[in-house]
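Chemist: Please see the structure below; I have some questions.
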2 protein chains.
Amino acid sequence: MCKECGCGVTDASEKKAIEVFEDILKYNQFQAKHNREHFEEYKIYAVNLMSAPGSGKTTLLEKTLDFLKEKYRIGVIEGDLETERDAERIRQKGVPVHQIITGSACHLDAALVHKAMHHLPLDKIDLLFVENIGNIVCPSNYELGTHLNVTLLSVPEGEDKPEKYPLIFKVSDVIIITKIDLLPYFDFNLEKVKEQIKKINPHSHIISLSAKTGEGFEKWIELIETNINEYRQRLS
Amino acid sequence: MCKECGCGVTDASEKKAIEVFEDILKYNQFQAKHNREHFEEYKIYAVNLMSAPGSGKTTLLEKTLDFLKEKYRIGVIEGDLETERDAERIRQKGVPVHQIITGSACHLDAALVHKAMHHLPLDKIDLLFVENIGNIVCPSNYELGTHLNVTLLSVPEGEDKPEKYPLIFKVSDVIIITKIDLLPYFDFNLEKVKEQIKKINPHSHIISLSAKTGEGFEKWIELIETNINEYRQRLS
């Protein structure tokens with residue numbers, strides 16, 4: 001019986017859900033480890049891009065391709081509930097891309113990424129970007145086996161988001177504050193937000209940039225290139 | 001064995017997850033119906049506010065309270081992963097509010113709302129707002145028993161969101177396009193977005209407004225008041 005009003009509701013299904021959820025996460029970890037083995041077999045450096053809807057993941061990716069596609073062989077996995085729109089935007093840059101359409105699933109998991117990666121020419125890829133579903137809750141629970149987890153936070157979303165959605169900031173290696181060209185129009189204190197992120201995740205790298213004006217973008221490119229070099233040295 | 005690379009991965013846990021998910025949704029529908037009975041018992045008109053993080057749910061609510069709190073007795077249920085920030089903002093308006101902190105849960109469900117409503121003085125409330133978790137995927141699956149489901153889409157999120165996240169637009173009675181004062185700074189075609197929403201959900205009311213400048217806000221207030229009146233007539 002429900003404590004509040006005696007309505008006969010029990011929480012049995014809640015307990016069952018927690019058990020199954022734990023199973024799913026265990027299975028996902030296993031699959032993520034397997035993905036990582038694939039990446040290392042093919043010497044692919046893999047990056048997971050996460051954020052709320054509209055923080056600018058695809059735009060960041062387009063501009064990143066402009067900077068890096070002549071230097072590295074890049075592949076992209078796109079995740080969306082519906083449409084091939086993002087894949088089409090990326091395809092125009094001339095790199096191999098596979099779109100995952102989840103229907104109603106709120107995050108990519110390692111199994112979805114595994115299936116998608118087998119649609120890409122893995123032996124012809126140095127750098128793989130996985131663009132996750134626009135959601136800053138669920139993707140934080142699902143490792144994909146990527147080497148770098150990146151979360152974007154755009155200025156229009158507001159400075160309270162790291163404190164309100166801490167988990168995704170905790171599991172990310174890099175936080176990119178995007179759309180900084182919009183700072184004059186929003187009540188968004190960049191230094192305060194950086195401090196909040198550092199409190200939640202002291203080991204994170206924080207980069208602020210505008211993909212529109214290019215301000216700060218070189219720091220992101222530099223970070224990716226440094227990481228690829230370190231990765232290659234480790235594997236050689 | 002995994003079809004792609006023979007890695008030994010099966011999808012057994014996926015099937016189990018689908019079964020449990022169906023159980024959870026069934027239980028949620030039962031609980032949502034029970035919530036609705038509570039609302040009607042107390043003649044409370046209940047509104048579920050959904051959106052991505054940072055679309056302006058709390059700001060819309062603050063301004064709505066300014067317009068309506070002298071005319072109706074209003075209560076608020078706030079949902080967040082962490083912090084009492086939003087509840088504190090609403091409390092300053094002098095209305096009863098209860099904060100649900102979900103920890104890691106990505107949506108409110110009917111059981112959480114049920115528990116929260118019993119922390120509010122139900123016999124002293126005419127109009128209840130439930131502010132959902134900032135997420136435009138998961139909340140669309142969970143009815144709360146509310147009379148009106150509202151989704152906000154802010155101009156900075158981009159005009160492609162209805163097509164990429166159709167489910168939440170399908171289950172909403174009202175779509176509010178927020179932050180229209182920012183239209184000059186974004187590539188966001190208001191008429192095109194309205195058309196897209198109408199294709200996904202022909203029965204939805206679409207309102208565009210700026211809580212900052214007040215433009216269009218009267219249409220939202222008018223809609224709420226009309227709905228409350230119709231609700232009261234139906235109950236009397």
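Labels for the structure tokens follow display order: chains A, B, ..., residues from 1 in each chain, ligands from 1.
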Could you give me, as a ChimeraX atom specification, the residues within 8 Å of stretch 147-151 of chain A, counting only C-alpha atoms and dropping anything in the same chain fewer than 6 positions from it?

Modeler: /A:36,45-51,168-169,171-176

Chemist: Using only C-alpha atoms, please write the residues we just selected to a file, as an mmCIF file, in the first residue's frame.

Modeler:
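Contents of the output file part-v8.cif:
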```
data_model
loop_
_atom_site.group_PDB
_atom_site.id
_atom_site.type_symbol
_atom_site.label_atom_id
_atom_site.label_comp_id
_atom_site.auth_asym_id
_atom_site.auth_seq_id
_atom_site.Cartn_x
_atom_site.Cartn_y
_atom_site.Cartn_z
ATOM 1 C CA ARG A 36 38.101 -0.366 -27.152
ATOM 2 C CA TYR A 45 41.537 7.332 -31.521
ATOM 3 C CA ALA A 46 37.848 7.595 -30.570
ATOM 4 C CA VAL A 47 35.991 10.595 -29.166
ATOM 5 C CA ASN A 48 32.462 10.637 -27.669
ATOM 6 C CA LEU A 49 30.683 14.005 -28.047
ATOM 7 C CA MET A 50 27.824 14.576 -25.588
ATOM 8 C CA SER A 51 25.549 17.536 -24.812
ATOM 9 C CA ILE A 168 27.831 14.144 -17.203
ATOM 10 C CA PHE A 169 30.434 16.721 -16.143
ATOM 11 C CA VAL A 171 32.413 11.455 -16.441
ATOM 12 C CA SER A 172 33.841 13.842 -19.069
ATOM 13 C CA ASP A 173 37.542 14.377 -19.750
ATOM 14 C CA VAL A 174 36.906 17.619 -21.628
ATOM 15 C CA ILE A 175 34.161 20.217 -21.207
ATOM 16 C CA ILE A 176 33.713 22.632 -24.096
#
```

Chemist: Within 8 Å of chain B, which residues of chain A show up when using only C-alpha atoms, listed as a PyMOL selection string?

Modeler: chain A and resi 4+7+9+13-14+16-17+20-21+23-24+27+31+34+52-55+80-83+104-106+115+118+135-138+156-158+161+163-167

Chemist: Sort by chain and increasing residue number a table of all residues of stretch 197-230 of chain B within 12 Å of stretch 70-73 of chain B, each with its closest pair of atoms and their distance in Å to one decimal, counting only C-alpha atoms, and write it as CSV.

Modeler:
```
residue,atom,partner,partner_atom,distance
B:Ile221,CA,B:Lys71,CA,11.7
B:Ile224,CA,B:Tyr72,CA,11.1
B:Glu225,CA,B:Tyr72,CA,9.7
B:Ile228,CA,B:Tyr72,CA,9.8
B:Asn229,CA,B:Tyr72,CA,11.5
```

Chemist: Next, dump the selected residues to file, keeping only N, CA and C atoms, as a compact mmCIF listing (two decimals), in the first residue's frame.

Modeler:
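Printed below is result29.txt as written:
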```
# COMPACT_ATOMS: atom_id res chain seq x y z
N ILE B 221 -0.90 32.99 -21.13
CA ILE B 221 -1.75 33.24 -19.96
C ILE B 221 -3.22 33.01 -20.32
N ILE B 224 -3.98 29.27 -20.57
CA ILE B 224 -4.09 28.63 -19.25
C ILE B 224 -5.44 28.98 -18.61
N GLU B 225 -5.81 30.25 -18.67
CA GLU B 225 -7.06 30.67 -18.03
C GLU B 225 -8.28 30.03 -18.71
N ILE B 228 -8.45 26.44 -17.55
CA ILE B 228 -8.92 26.32 -16.16
C ILE B 228 -10.45 26.49 -16.13
N ASN B 229 -10.94 27.47 -16.87
CA ASN B 229 -12.40 27.69 -16.88
C ASN B 229 -13.16 26.48 -17.44
```

Chemist: Taking only stretch 59-195 of chain B into account, list the residues labelled strand (DSSP E or B) by DSSP (computed from the backbone), as a PyMOL selection string.

Modeler: chain B and resi 74-80+97-101+127-134+148-154+174-178

Chemist: Residues as selected, N, CA, C and O atoms, written as a compact mmCIF listing (two decimals), in the first residue's frame, can you do that?

Modeler:
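After the write, part25.txt holds the following:
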```txt
# COMPACT_ATOMS: atom_id res chain seq x y z
N ILE B 74 -1.69 28.79 -6.53
CA ILE B 74 -0.78 27.98 -7.37
C ILE B 74 0.19 27.17 -6.52
O ILE B 74 0.67 27.64 -5.48
N GLY B 75 0.47 25.95 -6.93
CA GLY B 75 1.50 25.11 -6.33
C GLY B 75 2.45 24.64 -7.41
O GLY B 75 2.08 24.58 -8.59
N VAL B 76 3.69 24.32 -7.00
CA VAL B 76 4.70 23.92 -7.99
C VAL B 76 5.46 22.68 -7.49
O VAL B 76 5.83 22.61 -6.32
N ILE B 77 5.68 21.73 -8.38
CA ILE B 77 6.59 20.60 -8.13
C ILE B 77 7.77 20.76 -9.08
O ILE B 77 7.59 20.88 -10.29
N GLU B 78 8.96 20.81 -8.50
CA GLU B 78 10.17 20.99 -9.29
C GLU B 78 10.92 19.67 -9.39
O GLU B 78 11.08 18.98 -8.38
N GLY B 79 11.42 19.33 -10.57
CA GLY B 79 12.22 18.12 -10.74
C GLY B 79 13.61 18.47 -11.21
O GLY B 79 13.77 19.23 -12.17
N ASP B 80 14.62 17.97 -10.51
CA ASP B 80 16.02 18.16 -10.93
C ASP B 80 16.84 16.97 -10.47
O ASP B 80 16.48 16.30 -9.50
N VAL B 97 5.98 25.05 -2.88
CA VAL B 97 6.75 24.32 -3.89
C VAL B 97 7.41 23.12 -3.23
O VAL B 97 7.82 23.19 -2.06
N HIS B 98 7.48 22.01 -3.94
CA HIS B 98 8.22 20.85 -3.46
C HIS B 98 9.24 20.44 -4.52
O HIS B 98 8.90 20.28 -5.68
N GLN B 99 10.49 20.29 -4.09
CA GLN B 99 11.55 19.89 -5.02
C GLN B 99 11.74 18.37 -4.99
O GLN B 99 11.97 17.79 -3.93
N ILE B 100 11.68 17.74 -6.15
CA ILE B 100 12.07 16.34 -6.29
C ILE B 100 13.51 16.32 -6.77
O ILE B 100 13.83 16.96 -7.77
N ILE B 101 14.39 15.63 -6.04
CA ILE B 101 15.77 15.47 -6.50
C ILE B 101 15.92 14.01 -6.93
O ILE B 101 15.79 13.10 -6.11
N LEU B 127 -4.15 25.44 -9.23
CA LEU B 127 -3.35 25.26 -10.44
C LEU B 127 -1.98 24.74 -10.02
O LEU B 127 -1.30 25.36 -9.19
N LEU B 128 -1.61 23.58 -10.56
CA LEU B 128 -0.33 22.96 -10.19
C LEU B 128 0.57 22.85 -11.41
O LEU B 128 0.17 22.31 -12.44
N PHE B 129 1.78 23.40 -11.28
CA PHE B 129 2.77 23.21 -12.35
C PHE B 129 3.80 22.17 -11.92
O PHE B 129 4.29 22.23 -10.78
N VAL B 130 4.09 21.25 -12.81
CA VAL B 130 5.16 20.28 -12.57
C VAL B 130 6.27 20.58 -13.57
O VAL B 130 6.06 20.51 -14.78
N GLU B 131 7.44 20.97 -13.05
CA GLU B 131 8.57 21.23 -13.96
C GLU B 131 9.41 19.97 -14.06
O GLU B 131 10.02 19.54 -13.09
N ASN B 132 9.41 19.37 -15.22
CA ASN B 132 10.10 18.10 -15.44
C ASN B 132 11.62 18.28 -15.54
O ASN B 132 12.11 19.40 -15.57
N ILE B 133 12.35 17.17 -15.58
CA ILE B 133 13.81 17.18 -15.78
C ILE B 133 14.11 17.75 -17.18
O ILE B 133 13.36 17.50 -18.11
N GLY B 134 15.19 18.48 -17.32
CA GLY B 134 15.58 19.02 -18.62
C GLY B 134 16.05 17.91 -19.55
O GLY B 134 17.21 17.49 -19.48
N LEU B 148 -2.49 19.05 -18.88
CA LEU B 148 -1.89 19.72 -20.03
C LEU B 148 -0.41 19.39 -20.06
O LEU B 148 0.31 19.58 -19.08
N ASN B 149 0.04 18.88 -21.21
CA ASN B 149 1.47 18.62 -21.40
C ASN B 149 2.04 19.69 -22.31
O ASN B 149 1.55 19.89 -23.42
N VAL B 150 3.05 20.36 -21.81
CA VAL B 150 3.61 21.51 -22.53
C VAL B 150 5.09 21.26 -22.77
O VAL B 150 5.82 20.86 -21.86
N THR B 151 5.55 21.46 -24.00
CA THR B 151 6.99 21.38 -24.29
C THR B 151 7.50 22.73 -24.78
O THR B 151 6.87 23.36 -25.63
N LEU B 152 8.62 23.15 -24.21
CA LEU B 152 9.26 24.40 -24.62
C LEU B 152 10.39 24.07 -25.58
O LEU B 152 11.13 23.09 -25.38
N LEU B 153 10.54 24.90 -26.59
CA LEU B 153 11.68 24.81 -27.51
C LEU B 153 12.25 26.22 -27.62
O LEU B 153 11.54 27.13 -28.04
N SER B 154 13.50 26.41 -27.22
CA SER B 154 14.06 27.76 -27.27
C SER B 154 14.78 28.01 -28.59
O SER B 154 15.34 27.08 -29.19
N VAL B 174 0.61 21.57 -25.96
CA VAL B 174 1.05 22.94 -26.26
C VAL B 174 2.56 22.93 -26.47
O VAL B 174 3.30 22.30 -25.71
N ILE B 175 3.01 23.60 -27.52
CA ILE B 175 4.45 23.80 -27.75
C ILE B 175 4.70 25.30 -27.60
O ILE B 175 4.06 26.10 -28.27
N ILE B 176 5.63 25.66 -26.71
CA ILE B 176 5.98 27.08 -26.57
C ILE B 176 7.37 27.30 -27.13
O ILE B 176 8.34 26.70 -26.65
N ILE B 177 7.47 28.15 -28.14
CA ILE B 177 8.79 28.52 -28.66
C ILE B 177 9.24 29.73 -27.84
O ILE B 177 8.61 30.79 -27.86
N THR B 178 10.31 29.53 -27.05
CA THR B 178 10.75 30.56 -26.10
C THR B 178 11.96 31.33 -26.63
O THR B 178 12.59 30.94 -27.60
```

Chemist: For stretch 142-145 of chain B, please output as number ranges by chain all residues within 7 Å (counting only C-alpha atoms; exclusion window: fewer than 3 positions along the same chain).

Modeler: B: 28-29, 32-33, 35-36, 109-110, 113, 139

Chemist: Hey, can you check how far atom CA of A:Gly94 sits from atom CA of A:Leu60?

Modeler: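 Between these atoms lies a distance of 16.0 Å.
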
Chemist: Between atom CA of A:Pro96 and atom CA of A:Phe67, measure the distance and give it in Å to one decimal.

Modeler: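 Atom CA of A:Phe67 lies 16.3 Å from atom CA of A:Pro96.
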
Chemist: Report, in Å with one decimal, the straight-line distance from atom CA of B:Pro121 to atom CA of B:Glu88.

Modeler: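 Between atom CA of B:Pro121 and atom CA of B:Glu88 the gap is 17.8 Å.
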
Chemist: Between B:Ile125, B:Ile206, B:Ile197, B:Ala211, which has the minimum distance to B:Phe39 (counting only C-alpha atoms)?

Modeler: B:Ile125
